[in-house]
Structures are given as C-alpha cells and as structure tokens.
Amino acid sequence: MFTQELLDKSSLMRKKWEDEVKKIIAKRADQKEKWSTVSDLEIKRLYGPEDIKDMDFEKDIAYPGQFPYLRGNQATGYRGKYWTFRMFAGMGSAKTTNERWHYLLSTGQTGLSTAFDFPTLMGYDTDSPKAKGECGKCGVAIDTIDDFRDLIKGIPLDKITTSMTTNPPATALWAMYCASAEQQGIPLNKIGGTIQNDMLKEFIAQKTLMCPPEPSVKLISDTIEFGTKFVPNWNTVSISGYHIREAGATAVQELAFTLRDGMEYVEDVIRRKGLHIDQFASRLSFFFNSHIDFFEEIAKLRAARRIWAKAMRERYNSQDPRSWWMRFHTQTAGCSLTAQQPYNNVVRTATEALAAVLGGTQSLHTNSLDEVLCLPSDHAVQIALRTQQLIADEIGVANTIDPLAGSYFVEALTNEMEEKAWEYIHKIDEMGGMVAAIEKGFPQMEISDAAYKFQKQIDSGEKIMIGVNKYNIEDEVIDIPIVEIDDSVEEGQLKRLAEVKRKRDNRQVAICLKDLADACRKGENVMPFCIAAVKEYASVQEICDVYREVYGEYRDPGIY
Amino acid sequence: MANRRIRILLAKPGLDGHDRGARVLARSFRDAGFEVIYTGCHQTPEQIAATALQEDVDMVGLSCLSGAHNYLYPQVAKLLQEAGAGDIVVVGGGIIPEKDMPGLYASGLTALFTPGATLDSINEWISTNVTPKE
C-alpha cells in the first residue's frame with residue numbers, strides 16, 4: 001500500500017508520538033486501561049500506515065462493483081438507488097397488519113417485511129393448545145391462505161417486494177404467497193421478495209424449531225431449487241446473523257457463523273440437487289445486525305462482502321460475478337435498546353442505522369424506540385422510518401461511495417474481522433460443517449460464553465449502557481404508550497379458522513397432505529405439493545405436522 | 001440432608017425462543033453455587049410443573065418475552081399449587097409491564113425481575129428468600 005520511504009518516515013514520527021503519549025499518561029492516566037468494542041475486541045489508541053501496509057489495493061480493496069466487493073456491489077453506490085426502507089411489521093390479525101402495511105407505504109416505505117406471531121413461526125395453528133395466549137402477540141397470525149389473502153390485500157405483488165420472516169413453515173407461507181399471486185393473475189416469474197428460511201441460525205440462536213438439522217437443510221434446498229426454476233426473482237433464503245447477534249454473539253461470531261451457514265446451504269444444494277453454483281448463488285441473500293459499536297459494525301459489513309466474494313470464487317469456483325455479490329438487509333440491534341429512558345433508543349438506532357449505511361447495506365429496518373417494551377406504535381415507527389430517510393436525504397453520507405475506505409483504522413479493523421471470521425469458518429470445516437458443529441453445540445456454547453461475559457461486564461460497569469448502569473434515574477417510571485394486542489384477536493382468529501375448516505373440502509385437503517408426505521418420504525421437492533395443499537386451505541400446522549411426522553421433531557436441548 | 005444446595009428449575013414456557021436471558025441466568029446460578037436444571041425453550045406449563053415435581057426443586061424461574069406471561073406464568077403456579085407443591089417458590093423475569101404485576105403476584109408468583117436487575121441482585125434474592133428443602 002505504501003512506499004518503504006513513507007513507512008520509514010511514519011515509523012520515526014510514530015515513535016515521537018508514542019514518546020509524547022507516554023509522557024502525558026505518566027502525569028494523567030487514561031480514563032480506563034482497556035478500550036474495546038462492545039464485542040470486547042481491543043482497539044488501539046491510534047492506527048497508521050503500518051497497520052495496513054500489507055494490503056494489496058487491487059486484491060483487497062479495488063473499486064465498487066469490482067472483486068472483492070469490499071466497497072459495495074453497485075458501481076453507482078447509493079446515487080442510483082438508496083437502500084430499501086423496509087420496516088418489519090406484523091401484529092394481531094391479518095387485517096390489522098395489512099392496515100399497518102398500507103400506512104407504511106403511504107409514509108414512504110419502499111418494501112414490506114412481515115412479522116408472524118409465535119404459533120405461525122413455529123408451525124402451529126391458533127387452535128393448537130400450544131398457541132394459547134400467543135395469538136397475534138408478536139406478529140400477525142396466519143393459519144390458512146384465507147388469512148394470507150387479507151394480509152396482502154391491495155398490495156401490488158408485481159411491484160412491491162415482501163420479505164417474510166418465516167423459518168420452519170417457510171415452504172407453507174411461501175406457497176401461500178405463490179398461490180395468491182397466481183390467483184391474482186401474476187405469474188411466478190414476476191413476483192419478488194424474500195423468505196428468511198434459514199434454519200441453521202434457528203438451532204444456533206433464535207430457536208424456532210421444528211425438525212432436526214439435516215431434513216431442515218433439505219427443505220431449504222428444495223426452496224432454492226424451486227426458486228431457481230420457477231420464481232427467479234425471489235430470495236429463497238436470507239442467511240441471518242441478526243438473531244445470532246441478538247442471542248449474545250460477538251460481531252466476529254455473527255460474521256463467521258452466518259457466512260458458514262451460507263456455505264452449508266451452498267454445499268447442500270450442489271450435492272443434493274446437482275445445481276451449479278452459478279445457477280442459484282445470486283439469489284442467496286443475507287441479513288445482519290447493526291449493533292451499537294459504530295466502527296466494528298462498519299468493518300463487519302465490509303468484511304462480509306469480501307469474505308463471501310472470495311468464498312464464492314475460490315471455494316466454489318463460481319464464474320459469474322453476480323454470484324460473488326453479497327446482498328444483505330440490516331436491522332439495528334434490538335438488544336442494544338433499553339427499557340430504561342426509552343427515548344434514548346432513538347439515538348442508538350440512528351447511530352446503528354448510520355453504521356449500516358456506511359457499511360453499504362441494501363435494505364434496512366430501524367427499530368422503534370418502544371420495541372423493547374411492546375410492539376411499536378404508529379408514532380414510534382414513523383420516527384424510526386424517518387431516521388433512515390433522514391440519513392438518506394439530509395446528512396450527505398449517500399453522496400459518495402464507501403467514504404471510510406482507506407481509513408487506517410477502518411481497513412485494519414475490517415481485516416481483523418475477516419481474519420478472525422476465517423479462523424472460525426475453518427474450525428467449523430474441521431468439525432465436518434455447520435450441521436455437525438451444531439450437533440456438538442459449538443456455536444451455541446460460543447454465543448453463551450459471549451453473552452454471559454457481556455452481562456458480567458455490564459453488571460461490573462466495565463461496559464456501559466446509559467440508563468442501565470450509568471446515568472440511571474432513581475425510581476424511574478417508564479411512561480410511554482404501550483401497544484397491546486388484546487385477547488379478542490385470538491377469539492376472532494379461532495372463529496375464522498373453524499369457519500375455513502368447515503367450509504373447505506376436507507377430503508381434498510387430506511389427499512394433498514398425503515401427497516406431501518409421500519414427496520417427503522421419496523425425497524422429492526415439496527414446493528409443488530405445498531402450493532397444491534394451501535390452495536385447498538390446508539393450514540400452516542397441517543403442513544408442518546407432515547414434516548414433523550416424516551422427519552421427526554427437534555427439541556431444544558437447552559444448551560447453556 | 002442439611003445444607004443442601006438450592007435447586008432451581010429454570011424454564012421457558014410457551015413458544016418464545018428468546019433465551020439469552022435464561023441461558024445467562026443458568027450460568028450465573030451455577031456459578032453462584034445453586035443447582036440448576038434448564039429446560040430449554042418451548043415448554044408447556046404442564047411440562048414445567050411435572051419437571052419441577054420430579055426434580056424436587058426449591059424454586060422455578062420462568063422466562064418469557066413473547067408477551068404471553070399473563071397466561072403462562074400463573075398457569076405454572078396454579079399447576080404446582082394443585083399438585084400440592086405450593087411451597088416451590090415461583091419467580092418470573094422479562095419485560096413485564098408495571099400494570100401486569102399485581103395480577104402475577106396474586107396468581108402465586110413471589111418475585112418478578114425486570115430489565116436492569118443484575119445477576120448478583122437476583123442471586124442474592126434467591127439466597128435470602130429460597131430455603132432448600134431438608
């Protein structure tokens with residue numbers, strides 16, 4: 001990166017600066033001894049040319065739209081198009097969520113993102129005993145395509161892309177989307193969107209569980225294959241670090257485990273489906289957390305693009321540059337928000353959103369200030385959405401691409417994140433891959449270690465959260481409006497589901513479910529069978545029960 | 001059996017998968033010298049009550065962040081009482097709105113730990129308020 005002459009000169013100047021620092025701290029010590037990121041990665045007082053002297057501009061940095069995509073996928077940066085403003089929303093009934101979606105679109109949102117309630121996420125219907133008390137609480141309740149049609153009412157499926165945070169029942173809900181589009185006369189090759197559909201991170205972190213890891217990966221490969229052939233603009237998996245981070249992982253762990261999950265899916269599709277990497281890799285998408293440590297997050301996102309590009313080209317011999325692009329959505333960190341002094345959360349979210357943008361995200365959700373306490377209110381959502389609109393239009397950071405490139409610190413930190421991530425990736429390779437590592441409890445234990453360490457650092461005051469362990473307000477009364485989902489949602493949904501089950505052709509449903517079970521047993525792609533079943537009003541649980549029956553049920557081993 | 005250690009069942013009722021708090025507490029309890037049994041996620045109240053009886057615990061700690069605490073926590077307390085195990089201390093944690101607290105206490109919960117509670121403060125509460133069975 002630099003001439004020897006410059007490095008020699010820098011070395012002399014650095015020595016002089018170091019001597020000066022020593023003199024000053026002899027008189028007045030630093031405020032604390034160790035300065036580190038929220039992930040406890042130690043940061044130096046200063047970075048200089050010597051910290052990035054081994055970088056090769058062509059190989060390691062280059063230009064936007066050029067390998068290794070450190071500086072972004074798009075040659076035009078944000079000038080051609082800002083990131084998608086995509087707020088995650090779902091609450092109560094399908095009708096209520098549909099109203100929230102229309103509100104968000106009217107206020108300048110450019111893509112939709114669905115939060116489902118816990119029964120839907122876990123593949124249970126509202127009438128399951130396991131669902132009692134949960135209906136509509138954490139998201140929208142969807143049992144059958146009847147609910148789904150209400151959810152997407154008035155949304156032009158050929159113009160707006162919708163992301164659905166669904167994992168175990170991803171095939172069922174995607175089938176409902178595909179079937180609804182067909183019924184609206186929109187061909188499958190014209191719809192776009194994302195299903196999260198990333199089970200590996202469920203075992204590692206989020207714990208919405210259904211079947212064991214191996215068949216779970218098979219179902220994901222089915223969707224990737226089906227999307228490749230019939231729904232080419234759909235992102236069939238959103239490989240997610242978000243939940244890994246929320247569960248307590250460090251930034252490096254988030255980066256490494258997420259990318260290694262992605263590699264596991266790639267390898268399974270190649271092995272099981274016989275597809276070539278360049279037939280499907282361009283539809284893989286990612287989802288990261290943007291936590292509170294500003295530069296660590298920027299470095300993580302930049303490193304993620306470079307690692308993926310290298311992995312695609314070198315590990316899987318991909319020839320198509322579109323496969324080398326890592327496209328990702330980002331969400332600000334829920335776990336960084338505090339119930340105490342909740343208005344401070346606006347500042348946290350703004351900082352995290354700015355880091356995501358400086359890291360080059362293609363899509364962003366900004367958390368609302370009240371999300372630590374409840375589902376967000378309209379007003380809180382508006383502030384959160386305005387936060388990203390303000391970053392786009394007011395503060396000038398979208399003017400130029402990857403403005404922090406070349407910073408001694410940012411490049412050195414980016415390199416460090418990448419190196420440490422590869423160490424984890426290789427370790428997991430040695431264990432036999434991510435499924436094997438999960439079965440050993442490796443990523444789970446690493447995350448628990450980090451989460452416990454962080455909590456102790458908060459309790460001891462080594463790490464600071466304002467309002468929690470510094471600048472607390474004694475006997476604080478948290479006084480913000482709390483959105484609540486009342487129990488009438490559950491009653492309404494139960495009635496609705498009973499009505500659908502009464503009116504549908506139950507014989508036809510049984511045939512479809514048997515066909516699906518046969519397909520599972522034979523190892524065929526389940527998607528066509530799911531679409532046929534949801535058209536007959538088979539429910540999310542009925543489809544998931546088939547999977548549980550054929551593949552077995554997985555229970556959380558409770559690793560800590 | 002004098003000086004038996006306090007036995008705790010840490011449980012996650014319902015479909016919620018937010019287990020960071022529970023996992024951190026399980027380690028903290030262990031390091032504080034308590035005996036810990038952690039159920040993992042997705043337990044029904046019936047399963048939790050059955051485990052509590054079978055394991056002969058002194059305390060049940062419940063963690064749920066889905067908003068379903070008003071149904072799930074009292075249900076566990078009720079099942080324990082019905083089984084004649086009302087002496088098992090039941091506590092809950094999570095983001096619990098102030099207005100939900102009277103109802104939860106009335107249903108049989110002894111303590112609720114909300115955001116800001118330190119690990120030490122929770123351990124200390126247990127040491128003071130839970131007595132191991134003789």
# chains A, B, ... in the order shown; residues from 1 in each chain; ligands from 1
>>> residues_around(residues="stretch 97-104 of chain B", least_positions_apart="3", cutoff="10 Å", atoms="only C-alpha atoms", output="PyMOL selection string")
(chain A and resi 373-374+477-478+482) or (chain B and resi 67+69-71+73-74+77+91-92+94+107-112+114)
>>> write_last_selection(atoms="C-alpha atoms", output="PDB file, in the first residue's frame")
ATOM      1  CA  LEU A 373     -41.338  -2.828  25.666  1.00  0.00           C
ATOM      2  CA  CYS A 374     -44.015  -3.752  23.162  1.00  0.00           C
ATOM      3  CA  VAL A 477     -41.317   5.484  35.853  1.00  0.00           C
ATOM      4  CA  ILE A 478     -41.292   4.321  32.239  1.00  0.00           C
ATOM      5  CA  ILE A 482     -47.754   0.682  25.257  1.00  0.00           C
TER       6      ILE A 482
ATOM      7  CA  GLY B  67     -45.936 -11.126  25.809  1.00  0.00           C
ATOM      8  CA  HIS B  69     -46.556 -14.103  30.508  1.00  0.00           C
ATOM      9  CA  ASN B  70     -50.017 -13.213  31.810  1.00  0.00           C
ATOM     10  CA  TYR B  71     -51.277 -16.617  30.751  1.00  0.00           C
ATOM     11  CA  TYR B  73     -46.747 -17.729  34.498  1.00  0.00           C
ATOM     12  CA  PRO B  74     -49.969 -18.054  36.523  1.00  0.00           C
ATOM     13  CA  ALA B  77     -48.061 -21.506  39.642  1.00  0.00           C
ATOM     14  CA  VAL B  91     -40.458 -16.245  40.109  1.00  0.00           C
ATOM     15  CA  GLY B  92     -40.614 -14.673  36.686  1.00  0.00           C
ATOM     16  CA  GLY B  94     -38.708 -10.461  31.336  1.00  0.00           C
ATOM     17  CA  SER B 107     -51.566 -15.718  40.967  1.00  0.00           C
ATOM     18  CA  GLY B 108     -48.754 -17.022  43.147  1.00  0.00           C
ATOM     19  CA  LEU B 109     -45.518 -15.559  41.828  1.00  0.00           C
ATOM     20  CA  THR B 110     -43.194 -14.413  44.598  1.00  0.00           C
ATOM     21  CA  ALA B 111     -40.905 -12.095  42.648  1.00  0.00           C
ATOM     22  CA  LEU B 112     -40.564 -10.537  39.208  1.00  0.00           C
ATOM     23  CA  THR B 114     -37.354  -6.846  35.068  1.00  0.00           C
TER      24      THR B 114
END
>>> closest_atom_pairs(of="chain B", to="chain A", cutoff="7 Å", atoms="only C-alpha atoms", output="tab-separated table")
residue	atom	partner	partner_atom	distance
B:Gly14	CA	A:Lys130	CA	7.0
B:Leu15	CA	A:Phe118	CA	6.0
B:Asp16	CA	A:Phe118	CA	6.7
B:Gly17	CA	A:Lys207	CA	4.9
B:His18	CA	A:Gln206	CA	6.6
B:Arg20	CA	A:Ala247	CA	5.2
B:Arg23	CA	A:Tyr560	CA	5.2
B:Val24	CA	A:Tyr452	CA	5.1
B:Ala26	CA	A:Tyr560	CA	6.9
B:Arg27	CA	A:Tyr560	CA	6.9
B:Tyr38	CA	A:Gly558	CA	6.3
B:Thr39	CA	A:Gly558	CA	5.9
B:Gly40	CA	A:Gly558	CA	3.6
B:Cys41	CA	A:Asp556	CA	5.9
B:Ser66	CA	A:Cys138	CA	6.2
B:Gly67	CA	A:Lys137	CA	6.3
B:Ala68	CA	A:Gly133	CA	5.4
B:Tyr71	CA	A:Gly133	CA	6.0
B:Ile95	CA	A:Leu373	CA	6.4
B:Pro115	CA	A:Ala339	CA	6.6
B:Gly116	CA	A:Val468	CA	5.8
B:Thr118	CA	A:Asp459	CA	5.8
>>> write_last_selection(atoms="N, CA and C atoms", output="mmCIF file, in the first residue's frame")
data_model
loop_
_atom_site.group_PDB
_atom_site.id
_atom_site.type_symbol
_atom_site.label_atom_id
_atom_site.label_comp_id
_atom_site.auth_asym_id
_atom_site.auth_seq_id
_atom_site.Cartn_x
_atom_site.Cartn_y
_atom_site.Cartn_z
ATOM 1 N N GLY B 14 -44.018 -21.654 26.831
ATOM 2 C CA GLY B 14 -44.591 -21.075 25.617
ATOM 3 C C GLY B 14 -43.702 -21.268 24.403
ATOM 4 N N LEU B 15 -44.003 -20.537 23.363
ATOM 5 C CA LEU B 15 -43.323 -20.738 22.081
ATOM 6 C C LEU B 15 -42.153 -19.783 21.888
ATOM 7 N N ASP B 16 -41.951 -18.885 22.835
ATOM 8 C CA ASP B 16 -40.898 -17.881 22.724
ATOM 9 C C ASP B 16 -39.509 -18.522 22.670
ATOM 10 N N GLY B 17 -38.672 -18.019 21.796
ATOM 11 C CA GLY B 17 -37.311 -18.549 21.686
ATOM 12 C C GLY B 17 -36.245 -17.596 22.192
ATOM 13 N N HIS B 18 -36.644 -16.463 22.747
ATOM 14 C CA HIS B 18 -35.649 -15.503 23.245
ATOM 15 C C HIS B 18 -35.044 -16.050 24.536
ATOM 16 N N ARG B 20 -31.724 -15.765 25.583
ATOM 17 C CA ARG B 20 -30.448 -15.205 26.036
ATOM 18 C C ARG B 20 -30.456 -14.987 27.549
ATOM 19 N N ARG B 23 -30.327 -18.352 29.406
ATOM 20 C CA ARG B 23 -29.012 -19.007 29.327
ATOM 21 C C ARG B 23 -27.995 -18.306 30.228
ATOM 22 N N VAL B 24 -28.043 -16.968 30.209
ATOM 23 C CA VAL B 24 -27.119 -16.208 31.054
ATOM 24 C C VAL B 24 -27.409 -16.510 32.529
ATOM 25 N N ALA B 26 -28.780 -19.203 33.773
ATOM 26 C CA ALA B 26 -28.410 -20.584 34.111
ATOM 27 C C ALA B 26 -26.939 -20.627 34.516
ATOM 28 N N ARG B 27 -26.115 -19.938 33.768
ATOM 29 C CA ARG B 27 -24.681 -19.911 34.111
ATOM 30 C C ARG B 27 -24.448 -19.183 35.419
ATOM 31 N N TYR B 38 -31.997 -26.559 33.463
ATOM 32 C CA TYR B 38 -32.566 -25.651 32.458
ATOM 33 C C TYR B 38 -33.348 -26.476 31.441
ATOM 34 N N THR B 39 -34.604 -26.093 31.225
ATOM 35 C CA THR B 39 -35.475 -26.909 30.364
ATOM 36 C C THR B 39 -35.233 -26.716 28.876
ATOM 37 N N GLY B 40 -34.624 -25.586 28.491
ATOM 38 C CA GLY B 40 -34.626 -25.227 27.075
ATOM 39 C C GLY B 40 -35.956 -24.571 26.741
ATOM 40 N N CYS B 41 -36.102 -24.184 25.466
ATOM 41 C CA CYS B 41 -37.295 -23.431 25.054
ATOM 42 C C CYS B 41 -38.504 -24.345 24.851
ATOM 43 N N SER B 66 -42.442 -13.150 24.957
ATOM 44 C CA SER B 66 -43.337 -13.019 23.811
ATOM 45 C C SER B 66 -44.564 -12.187 24.143
ATOM 46 N N GLY B 67 -44.742 -11.858 25.414
ATOM 47 C CA GLY B 67 -45.936 -11.126 25.809
ATOM 48 C C GLY B 67 -47.022 -12.035 26.347
ATOM 49 N N ALA B 68 -46.721 -13.345 26.412
ATOM 50 C CA ALA B 68 -47.750 -14.292 26.875
ATOM 51 C C ALA B 68 -47.597 -14.607 28.364
ATOM 52 N N TYR B 71 -50.636 -15.309 30.775
ATOM 53 C CA TYR B 71 -51.277 -16.617 30.751
ATOM 54 C C TYR B 71 -50.339 -17.690 31.316
ATOM 55 N N ILE B 95 -39.674 -8.592 30.222
ATOM 56 C CA ILE B 95 -40.170 -7.225 30.138
ATOM 57 C C ILE B 95 -41.636 -7.269 30.525
ATOM 58 N N PRO B 115 -36.018 -5.568 33.432
ATOM 59 C CA PRO B 115 -34.762 -5.017 32.899
ATOM 60 C C PRO B 115 -34.021 -4.170 33.932
ATOM 61 N N GLY B 116 -32.726 -4.394 33.995
ATOM 62 C CA GLY B 116 -31.909 -3.636 34.939
ATOM 63 C C GLY B 116 -31.512 -4.465 36.146
ATOM 64 N N THR B 118 -29.539 -6.924 38.156
ATOM 65 C CA THR B 118 -28.214 -7.506 37.925
ATOM 66 C C THR B 118 -28.225 -8.967 38.340
#
>>> atom_distance(atom1="atom CA of A:Lys159", atom2="atom CA of A:Thr144")
23.9 Å
>>> select_by_dssp(residues="stretch 493-543 of chain A", states="helix (DSSP H, G or I)", output="number ranges by chain")
A: 493-503, 506-522, 527-535, 540-543
>>> write_last_selection(atoms="N, CA and C atoms", output="CSV table (one decimal), in the first residue's frame")
chain,number,residue,atom,x,y,z
A,493,GLN,N,-59.6,-15.1,15.6
A,493,GLN,CA,-58.9,-15.9,14.7
A,493,GLN,C,-59.3,-17.4,14.9
A,494,LEU,N,-59.7,-17.8,16.1
A,494,LEU,CA,-60.2,-19.1,16.3
A,494,LEU,C,-61.5,-19.4,15.5
A,495,LYS,N,-62.4,-18.4,15.5
A,495,LYS,CA,-63.6,-18.5,14.8
A,495,LYS,C,-63.4,-18.6,13.3
A,496,ARG,N,-62.5,-17.8,12.8
A,496,ARG,CA,-62.1,-17.7,11.4
A,496,ARG,C,-61.6,-19.0,10.9
A,497,LEU,N,-60.7,-19.6,11.7
A,497,LEU,CA,-60.1,-20.9,11.4
A,497,LEU,C,-61.1,-22.0,11.3
A,498,ALA,N,-62.0,-22.0,12.3
A,498,ALA,CA,-63.0,-23.0,12.4
A,498,ALA,C,-63.9,-22.9,11.2
A,499,GLU,N,-64.2,-21.7,10.8
A,499,GLU,CA,-65.1,-21.5,9.6
A,499,GLU,C,-64.4,-22.0,8.3
A,500,VAL,N,-63.1,-21.7,8.2
A,500,VAL,CA,-62.4,-22.2,7.0
A,500,VAL,C,-62.4,-23.8,7.0
A,501,LYS,N,-62.1,-24.3,8.1
A,501,LYS,CA,-62.0,-25.8,8.2
A,501,LYS,C,-63.4,-26.4,7.9
A,502,ARG,N,-64.5,-25.7,8.3
A,502,ARG,CA,-65.8,-26.3,8.0
A,502,ARG,C,-66.1,-26.2,6.5
A,503,LYS,N,-65.7,-25.1,5.9
A,503,LYS,CA,-66.1,-24.8,4.5
A,503,LYS,C,-65.3,-25.5,3.5
A,506,ASN,N,-62.5,-31.1,3.0
A,506,ASN,CA,-61.6,-31.8,3.9
A,506,ASN,C,-61.0,-33.1,3.3
A,507,ARG,N,-61.7,-33.7,2.4
A,507,ARG,CA,-61.2,-34.9,1.7
A,507,ARG,C,-60.0,-34.5,0.8
A,508,GLN,N,-60.2,-33.4,0.1
A,508,GLN,CA,-59.2,-32.9,-0.8
A,508,GLN,C,-57.9,-32.5,0.0
A,509,VAL,N,-58.1,-31.9,1.1
A,509,VAL,CA,-57.0,-31.5,2.0
A,509,VAL,C,-56.2,-32.7,2.4
A,510,ALA,N,-56.9,-33.8,2.8
A,510,ALA,CA,-56.3,-35.0,3.2
A,510,ALA,C,-55.4,-35.6,2.1
A,511,ILE,N,-56.0,-35.5,0.9
A,511,ILE,CA,-55.2,-36.1,-0.3
A,511,ILE,C,-53.9,-35.3,-0.5
A,512,CYS,N,-54.1,-33.9,-0.4
A,512,CYS,CA,-52.9,-33.1,-0.6
A,512,CYS,C,-51.8,-33.3,0.4
A,513,LEU,N,-52.3,-33.5,1.7
A,513,LEU,CA,-51.3,-33.7,2.7
A,513,LEU,C,-50.6,-35.1,2.6
A,514,LYS,N,-51.4,-36.1,2.1
A,514,LYS,CA,-50.8,-37.4,1.9
A,514,LYS,C,-49.8,-37.3,0.8
A,515,ASP,N,-50.1,-36.6,-0.3
A,515,ASP,CA,-49.1,-36.4,-1.4
A,515,ASP,C,-47.9,-35.7,-0.9
A,516,LEU,N,-48.1,-34.7,0.0
A,516,LEU,CA,-46.9,-34.0,0.5
A,516,LEU,C,-46.0,-35.0,1.4
A,517,ALA,N,-46.7,-35.8,2.2
A,517,ALA,CA,-45.9,-36.8,3.0
A,517,ALA,C,-45.2,-37.8,2.1
A,518,ASP,N,-45.8,-38.2,1.0
A,518,ASP,CA,-45.2,-39.1,0.1
A,518,ASP,C,-43.9,-38.5,-0.5
A,519,ALA,N,-44.1,-37.2,-0.9
A,519,ALA,CA,-43.0,-36.5,-1.5
A,519,ALA,C,-41.8,-36.4,-0.5
A,520,CYS,N,-42.1,-36.1,0.7
A,520,CYS,CA,-41.1,-36.0,1.8
A,520,CYS,C,-40.4,-37.4,1.9
A,521,ARG,N,-41.1,-38.4,1.9
A,521,ARG,CA,-40.5,-39.8,2.1
A,521,ARG,C,-39.7,-40.1,0.9
A,522,LYS,N,-40.1,-39.7,-0.3
A,522,LYS,CA,-39.3,-40.0,-1.5
A,522,LYS,C,-38.2,-39.1,-1.8
A,527,MET,N,-42.2,-28.2,-2.7
A,527,MET,CA,-42.9,-27.0,-3.0
A,527,MET,C,-44.2,-27.2,-3.9
A,528,PRO,N,-44.2,-27.9,-5.0
A,528,PRO,CA,-45.4,-28.1,-5.7
A,528,PRO,C,-46.5,-28.7,-4.9
A,529,PHE,N,-46.2,-29.6,-4.0
A,529,PHE,CA,-47.2,-30.2,-3.1
A,529,PHE,C,-47.7,-29.2,-2.1
A,530,CYS,N,-46.8,-28.3,-1.6
A,530,CYS,CA,-47.3,-27.3,-0.6
A,530,CYS,C,-48.2,-26.3,-1.3
A,531,ILE,N,-47.9,-25.9,-2.5
A,531,ILE,CA,-48.8,-25.0,-3.2
A,531,ILE,C,-50.2,-25.6,-3.5
A,532,ALA,N,-50.2,-26.9,-3.9
A,532,ALA,CA,-51.4,-27.6,-4.1
A,532,ALA,C,-52.2,-27.6,-2.8
A,533,ALA,N,-51.5,-27.9,-1.7
A,533,ALA,CA,-52.2,-28.1,-0.4
A,533,ALA,C,-52.8,-26.7,0.1
A,534,VAL,N,-52.0,-25.7,0.0
A,534,VAL,CA,-52.5,-24.4,0.6
A,534,VAL,C,-53.7,-23.9,-0.3
A,535,LYS,N,-53.7,-24.2,-1.6
A,535,LYS,CA,-54.9,-23.8,-2.4
A,535,LYS,C,-56.2,-24.5,-1.9
A,540,VAL,N,-51.1,-23.9,8.0
A,540,VAL,CA,-49.7,-24.0,8.3
A,540,VAL,C,-49.3,-25.2,9.2
A,541,GLN,N,-50.1,-25.4,10.2
A,541,GLN,CA,-49.8,-26.5,11.1
A,541,GLN,C,-50.0,-27.9,10.4
A,542,GLU,N,-51.0,-28.0,9.6
A,542,GLU,CA,-51.2,-29.3,8.9
A,542,GLU,C,-50.0,-29.6,8.1
A,543,ILE,N,-49.5,-28.6,7.4
A,543,ILE,CA,-48.3,-28.9,6.6
A,543,ILE,C,-47.1,-29.2,7.5
>>> residues_around(residues="A:Tyr78", least_positions_apart="2", cutoff="12 Å", atoms="only C-alpha atoms", output="tab-separated table (two decimals) with C-alpha atoms, in the first residue's frame")
chain	number	residue	atom	x	y	z
A	64	PRO	CA	-17.25	-0.65	-6.12
A	71	ARG	CA	-16.61	-1.20	-1.45
A	72	GLY	CA	-20.04	-2.43	-2.49
A	73	ASN	CA	-21.76	-4.36	-5.25
A	74	GLN	CA	-23.14	-1.40	-7.14
A	75	ALA	CA	-20.80	0.71	-9.26
A	76	THR	CA	-23.08	3.71	-8.71
A	80	GLY	CA	-28.75	5.21	-8.41
A	81	LYS	CA	-30.93	3.87	-5.61
A	82	TYR	CA	-30.94	4.17	-1.85
A	83	TRP	CA	-31.16	1.06	0.26
A	84	THR	CA	-34.73	-0.26	0.57
A	357	VAL	CA	-25.40	2.64	5.58
A	358	LEU	CA	-21.68	3.32	5.83
A	359	GLY	CA	-21.22	-0.45	5.67
A	360	GLY	CA	-23.17	-0.46	2.40
A	361	THR	CA	-26.44	-2.19	3.26
A	362	GLN	CA	-29.04	-2.73	0.51
A	363	SER	CA	-32.03	-2.76	2.82
A	391	ILE	CA	-29.78	9.57	6.74
A	392	ALA	CA	-30.57	9.19	3.03
A	393	ASP	CA	-31.66	12.72	2.26
A	396	GLY	CA	-24.86	13.72	2.99
A	397	VAL	CA	-23.49	10.24	3.61
A	398	ALA	CA	-25.03	8.90	0.42
A	399	ASN	CA	-23.11	11.41	-1.69
A	400	THR	CA	-20.06	9.26	-2.05
A	401	ILE	CA	-19.46	5.52	-2.04
A	402	ASP	CA	-17.84	3.76	0.91
A	403	PRO	CA	-16.48	7.00	2.41
